[in-house]
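Structure file run32.txt (compact mmCIF, C-alpha atoms and all ligand atoms) follows.
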```txt
# COMPACT_ATOMS: atom_id res chain seq x y z
CA MET R 1 55.96 -10.83 32.54
CA THR R 2 53.10 -10.33 30.18
CA ASP R 3 53.47 -13.64 28.45
CA ASP R 4 54.26 -15.87 31.38
CA PRO R 5 53.40 -19.45 30.40
CA GLY R 6 51.44 -19.86 33.61
CA THR R 7 49.11 -16.99 32.83
CA MET R 8 48.97 -17.65 29.09
CA LYS R 9 47.80 -21.23 29.29
CA ALA R 10 46.97 -22.44 25.84
CA ASP R 11 43.54 -23.72 25.02
CA VAL R 12 44.76 -25.95 22.27
CA VAL R 13 42.23 -28.08 20.51
CA PRO R 14 43.66 -30.65 18.10
CA ARG R 15 42.30 -30.08 14.63
CA HIS R 16 43.95 -32.91 12.81
CA GLY R 17 41.58 -32.94 9.88
CA ASN R 18 41.89 -29.27 9.07
CA PRO R 19 44.26 -27.90 6.45
CA ILE R 20 47.52 -26.40 7.62
CA LEU R 21 47.90 -22.66 7.35
CA PHE R 22 51.48 -21.41 7.31
CA LEU R 23 51.75 -17.84 8.50
CA ASP R 24 54.54 -15.44 7.83
CA ILE R 25 54.73 -12.69 10.45
CA ASP R 26 56.63 -9.64 9.17
CA GLY R 27 54.65 -7.80 6.53
CA VAL R 28 51.62 -10.04 7.08
CA LEU R 29 50.48 -10.00 10.72
CA LEU R 30 52.87 -7.22 11.62
CA ARG R 31 53.45 -4.29 9.33
CA ARG R 32 56.44 -2.05 9.00
CA ARG R 33 56.06 1.36 10.47
CA HIS R 34 58.04 4.33 9.31
CA SER R 35 58.89 5.84 12.67
CA GLY R 36 61.41 3.14 13.50
CA MET R 37 59.99 2.51 16.95
CA PHE R 38 59.56 -0.87 18.62
CA ASP R 39 61.54 -3.00 16.25
CA GLY R 40 60.07 -1.11 13.31
CA PHE R 41 56.78 -3.05 13.33
CA GLU R 42 53.24 -2.54 14.50
CA ILE R 43 50.29 -4.87 14.65
CA ALA R 44 48.71 -5.11 11.22
CA PRO R 45 45.07 -4.05 10.91
CA HIS R 46 42.67 -6.95 11.60
CA CYS R 47 45.53 -9.10 12.93
CA LEU R 48 43.77 -10.48 16.00
CA GLU R 49 40.49 -10.87 14.20
CA PHE R 50 42.26 -12.82 11.48
CA LEU R 51 44.08 -15.08 13.93
CA GLU R 52 40.89 -15.83 15.84
CA TRP R 53 39.20 -16.72 12.57
CA ALA R 54 42.11 -18.78 11.25
CA THR R 55 42.93 -20.81 14.35
CA ILE R 56 39.49 -22.41 14.50
CA ARG R 57 39.60 -23.40 10.84
CA PHE R 58 43.20 -24.38 10.26
CA ARG R 59 46.16 -25.92 12.00
CA CYS R 60 48.17 -22.72 12.05
CA ARG R 61 51.96 -22.75 11.94
CA TRP R 62 54.36 -19.85 11.99
CA LEU R 63 56.55 -19.87 8.91
CA SER R 64 58.82 -17.02 9.83
CA SER R 65 62.45 -16.28 10.46
CA ARG R 66 61.28 -15.07 13.88
CA CYS R 67 60.97 -18.64 15.10
CA ARG R 68 62.42 -20.90 12.45
CA LYS R 69 64.45 -22.85 15.00
CA GLY R 70 61.24 -24.04 16.62
CA PHE R 71 61.05 -21.73 19.63
CA LEU R 72 58.06 -19.50 20.13
CA ASP R 73 59.96 -16.79 22.00
CA GLY R 74 60.83 -14.96 18.82
CA SER R 75 57.28 -14.75 17.55
CA HIS R 76 55.84 -13.68 20.89
CA ARG R 77 58.56 -11.08 21.34
CA ALA R 78 57.79 -9.67 17.91
CA PHE R 79 54.10 -9.22 18.70
CA ARG R 80 54.90 -7.74 22.12
CA ARG R 81 57.39 -5.24 20.69
CA ALA R 82 54.90 -4.29 18.01
CA GLY R 83 52.48 -3.26 20.74
CA GLY R 84 50.50 -6.42 21.34
CA SER R 85 49.14 -6.68 24.89
CA LEU R 86 49.96 -10.30 25.41
CA SER R 87 48.32 -10.27 28.84
CA ASP R 88 45.00 -9.54 27.11
CA PRO R 89 43.02 -12.79 26.83
CA ARG R 90 42.52 -12.28 23.11
CA TRP R 91 46.24 -12.70 22.57
CA GLN R 92 46.04 -16.23 23.94
CA VAL R 93 45.36 -17.12 20.34
CA LEU R 94 49.13 -17.01 19.78
CA HIS R 95 49.42 -20.17 21.86
CA GLN R 96 47.39 -22.10 19.34
CA ILE R 97 50.05 -21.57 16.71
CA GLU R 98 53.17 -23.71 16.57
CA PRO R 99 56.41 -22.78 14.88
CA ALA R 100 57.41 -24.58 11.70
CA MET R 101 61.13 -25.33 11.63
CA TRP R 102 63.38 -24.52 8.69
CA SER R 103 66.93 -23.37 8.13
CA ALA R 104 67.65 -21.97 4.67
CA GLU R 105 64.32 -22.11 2.85
CA LYS R 106 60.81 -21.87 4.23
CA THR R 107 59.67 -24.66 1.95
CA GLU R 108 61.71 -27.12 4.04
CA ALA R 109 58.87 -26.93 6.55
CA ILE R 110 56.14 -27.81 4.06
CA ASP R 111 55.12 -31.33 3.13
CA SER R 112 54.14 -31.03 -0.52
CA ALA R 113 51.65 -33.87 -0.07
CA SER R 114 49.79 -32.14 2.73
CA ASP R 115 46.71 -29.96 2.50
CA PHE R 116 48.26 -26.61 3.18
CA TRP R 117 47.89 -22.89 2.56
CA TRP R 118 50.56 -20.27 2.99
CA LEU R 119 50.33 -16.54 3.71
CA ASP R 120 53.43 -14.53 2.93
CA ASP R 121 54.17 -10.97 1.83
CA ASP R 122 57.43 -11.66 0.12
CA PRO R 123 57.89 -15.15 -1.30
CA CYS R 124 61.31 -15.57 -2.86
CA GLU R 125 62.06 -17.08 -6.23
CA HIS R 126 62.91 -20.41 -4.64
CA ASP R 127 59.51 -20.46 -2.92
CA ARG R 128 57.71 -19.81 -6.19
CA ASP R 129 59.77 -22.44 -8.00
CA TRP R 130 59.02 -25.02 -5.31
CA LEU R 131 55.30 -24.28 -5.43
CA ARG R 132 55.30 -24.45 -9.21
CA ALA R 133 57.21 -27.75 -9.21
CA HIS R 134 54.60 -29.26 -6.91
CA ASN R 135 51.61 -27.69 -8.63
CA HIS R 136 50.76 -25.71 -5.55
CA GLU R 137 51.00 -22.15 -6.79
CA ASP R 138 47.38 -21.61 -5.81
CA ARG R 139 48.20 -22.42 -2.18
CA LEU R 140 50.21 -19.25 -1.72
CA VAL R 141 48.16 -16.24 -0.70
CA GLU R 142 50.22 -13.09 -0.95
CA VAL R 143 49.34 -10.67 1.82
CA ARG R 144 51.01 -7.29 1.94
CA SER R 145 49.85 -5.57 5.08
CA ASP R 146 52.61 -2.97 4.74
CA ARG R 147 50.77 -1.46 1.80
CA ASN R 148 47.22 -2.67 2.16
CA PRO R 149 45.39 -2.24 5.48
CA ASP R 150 42.68 -4.65 4.34
CA ALA R 151 45.09 -7.36 3.20
CA LEU R 152 44.27 -9.80 6.00
CA MET R 153 40.54 -9.46 5.54
CA GLN R 154 40.94 -9.99 1.82
CA ALA R 155 43.07 -13.07 2.47
CA ARG R 156 40.14 -14.69 4.25
CA SER R 157 38.14 -14.72 1.07
CA ARG R 158 40.96 -16.53 -0.72
CA LEU R 159 41.15 -19.33 1.81
CA PRO R 160 38.83 -22.34 1.53
CA ALA R 161 37.36 -21.99 5.01
CA GLY R 162 36.50 -18.42 4.16
CA ARG R 163 34.49 -19.54 1.17
CA LEU R 164 32.85 -22.27 3.22
CA VAL R 165 31.81 -19.82 5.92
CA ASN R 166 30.53 -17.35 3.37
CA SER R 167 28.43 -20.02 1.69
CA CYS R 168 26.67 -21.02 4.91
MG MG W 1 57.44 -11.40 5.51
```
Kindly return the structure encoded in the file as structure tokens.
Ligand SMILES: [Mg+2]
Amino acid sequence: MTDDPGTMKADVVPRHGNPILFLDIDGVLLRRRHSGMFDGFEIAPHCLEFLEWATIRFRCRWLSSRCRKGFLDGSHRAFRRAGGSLSDPRWQVLHQIEPAMWSAEKTEAIDSASDFWWLDDDPCEHDRDWLRAHNHEDRLVEVRSDRNPDALMQARSRLPAGRLVNSC
């Protein structure tokens, strides 16, 4: 087992004061490949680098159909099938990210009163309506790693911690 819980012990540090960063997986941290191998996805460029950067600045939560019932198995399986070497210590970063639970709409998982940001490649009309209704349209950062290999790096500059780091 490459992702045995015993060998992938999480080094979780509570970051209660940090904003929440909701992370879609497909099309954001994994990108669709055309060959159809391994579940049709591969690791998006800069994925690990982005996760390492994000997890020390935000409380990261998966907001993905891969794990919407609250179990991490689906997200870990997706990264493994996409070619992630989960036995590599760098991939321990996955254990710092908890799944956000939802059933029909991703916005069920978001508290509109919280300080949150959301990365997604394909927000639906309901998502946009919800964000608009709560005046949070600026909290959605659209990341399309399928088309843009630099999408994750560019997303950093649109997140507040990215600006803070750059200004130091
Ligand atoms: Mg997606």
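Neighbouring residues of ligand MG 1 (chain W) at a cut-off of 10 Å, counting all atoms listed in the file, are Leu23, Asp24, Ile25, Asp26, Gly27, Val28, Leu29, Leu30, Arg31, Leu63, Ser64, Ser65, Arg66, Leu119, Asp120, Asp121, Asp122, Pro123, Glu142, Val143, Arg144, Ser145 and Asp146 of chain R.
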As JSON, numbers by chain, please: the residues near range 51-62 of chain R (cut-off 10 Å, all atoms listed in the file, same-chain neighbours under 2 positions excluded).
{"R": [12, 13, 14, 15, 16, 17, 18, 19, 20, 21, 22, 23, 24, 25, 29, 46, 47, 48, 49, 64, 65, 66, 67, 68, 70, 72, 75, 90, 91, 92, 93, 94, 95, 96, 97, 98, 99, 100, 101, 109, 116, 117, 118, 119, 152, 156, 159, 160, 161, 162, 165]}
What does the structure give for the distance between CA of Lys106 in chain R and CA of Lys69 in chain R, in Å to one decimal?
11.4 Å
When you draw a straight line from CA of Arg81 in chain R to CA of Arg33 in chain R, how long is it in Å?
12.2 Å
Reconstruct all heavy atoms of range 69-80 of chain R from the incomplete input and present them as a compact mmCIF listing (two decimals), keeping the file's coordinate frame.
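Final output, result01.txt:
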```
# COMPACT_ATOMS: atom_id res chain seq x y z
N LYS R 69 63.76 -21.78 14.28
CA LYS R 69 64.45 -22.85 15.00
C LYS R 69 63.48 -23.63 15.91
O LYS R 69 63.90 -24.54 16.62
CB LYS R 69 65.60 -22.30 15.83
CG LYS R 69 66.73 -21.73 14.98
CD LYS R 69 67.89 -21.31 15.86
CE LYS R 69 68.93 -20.50 15.10
NZ LYS R 69 69.57 -21.21 14.02
N GLY R 70 62.24 -23.26 15.88
CA GLY R 70 61.24 -24.04 16.62
C GLY R 70 60.89 -23.50 17.98
O GLY R 70 60.15 -24.14 18.72
N PHE R 71 61.38 -22.32 18.34
CA PHE R 71 61.05 -21.73 19.63
C PHE R 71 60.09 -20.56 19.43
O PHE R 71 60.29 -19.73 18.54
CB PHE R 71 62.31 -21.24 20.35
CG PHE R 71 63.29 -22.33 20.63
CD1 PHE R 71 64.44 -22.45 19.88
CD2 PHE R 71 63.04 -23.27 21.63
CE1 PHE R 71 65.36 -23.48 20.12
CE2 PHE R 71 63.94 -24.31 21.88
CZ PHE R 71 65.10 -24.40 21.12
N LEU R 72 59.08 -20.53 20.28
CA LEU R 72 58.06 -19.50 20.13
C LEU R 72 58.48 -18.13 20.63
O LEU R 72 57.84 -17.13 20.32
CB LEU R 72 56.78 -19.92 20.87
CG LEU R 72 55.96 -21.00 20.16
CD1 LEU R 72 54.91 -21.56 21.11
CD2 LEU R 72 55.31 -20.45 18.91
N ASP R 73 59.55 -18.06 21.40
CA ASP R 73 59.96 -16.79 22.00
C ASP R 73 60.05 -15.67 20.97
O ASP R 73 59.61 -14.55 21.20
CB ASP R 73 61.35 -16.91 22.66
CG ASP R 73 61.38 -18.01 23.69
OD1 ASP R 73 60.47 -18.84 23.68
OD2 ASP R 73 62.32 -18.03 24.48
N GLY R 74 60.62 -15.99 19.83
CA GLY R 74 60.83 -14.96 18.82
C GLY R 74 59.54 -14.39 18.28
O GLY R 74 59.41 -13.17 18.10
N SER R 75 58.56 -15.24 18.07
CA SER R 75 57.28 -14.75 17.55
C SER R 75 56.55 -13.94 18.61
O SER R 75 56.03 -12.86 18.33
CB SER R 75 56.40 -15.91 17.06
OG SER R 75 56.21 -16.87 18.08
N HIS R 76 56.53 -14.41 19.83
CA HIS R 76 55.84 -13.68 20.89
C HIS R 76 56.51 -12.33 21.15
O HIS R 76 55.84 -11.32 21.35
CB HIS R 76 55.81 -14.51 22.18
CG HIS R 76 54.94 -15.73 22.05
ND1 HIS R 76 54.71 -16.60 23.08
CD2 HIS R 76 54.23 -16.21 20.98
CE1 HIS R 76 53.89 -17.56 22.66
NE2 HIS R 76 53.61 -17.35 21.40
N ARG R 77 57.84 -12.34 21.13
CA ARG R 77 58.56 -11.08 21.34
C ARG R 77 58.22 -10.07 20.24
O ARG R 77 58.03 -8.88 20.49
CB ARG R 77 60.07 -11.36 21.34
CG ARG R 77 60.92 -10.13 21.73
CD ARG R 77 62.41 -10.44 21.66
NE ARG R 77 62.75 -11.66 22.37
CZ ARG R 77 63.29 -12.75 21.80
NH1 ARG R 77 63.56 -12.77 20.51
NH2 ARG R 77 63.59 -13.81 22.53
N ALA R 78 58.11 -10.56 19.03
CA ALA R 78 57.79 -9.67 17.91
C ALA R 78 56.43 -9.01 18.10
O ALA R 78 56.27 -7.81 17.89
CB ALA R 78 57.82 -10.46 16.60
N PHE R 79 55.44 -9.79 18.50
CA PHE R 79 54.10 -9.22 18.70
C PHE R 79 54.10 -8.26 19.88
O PHE R 79 53.44 -7.22 19.85
CB PHE R 79 53.06 -10.33 18.90
CG PHE R 79 52.67 -11.00 17.61
CD1 PHE R 79 53.27 -12.19 17.22
CD2 PHE R 79 51.73 -10.42 16.78
CE1 PHE R 79 52.92 -12.80 16.02
CE2 PHE R 79 51.38 -11.01 15.57
CZ PHE R 79 51.98 -12.21 15.19
N ARG R 80 54.85 -8.61 20.93
CA ARG R 80 54.90 -7.74 22.12
C ARG R 80 55.56 -6.41 21.75
O ARG R 80 55.07 -5.34 22.09
CB ARG R 80 55.64 -8.45 23.24
CG ARG R 80 55.45 -7.81 24.60
CD ARG R 80 55.96 -8.72 25.73
NE ARG R 80 57.32 -9.18 25.51
CZ ARG R 80 57.67 -10.44 25.35
NH1 ARG R 80 56.77 -11.40 25.37
NH2 ARG R 80 58.94 -10.77 25.16
```
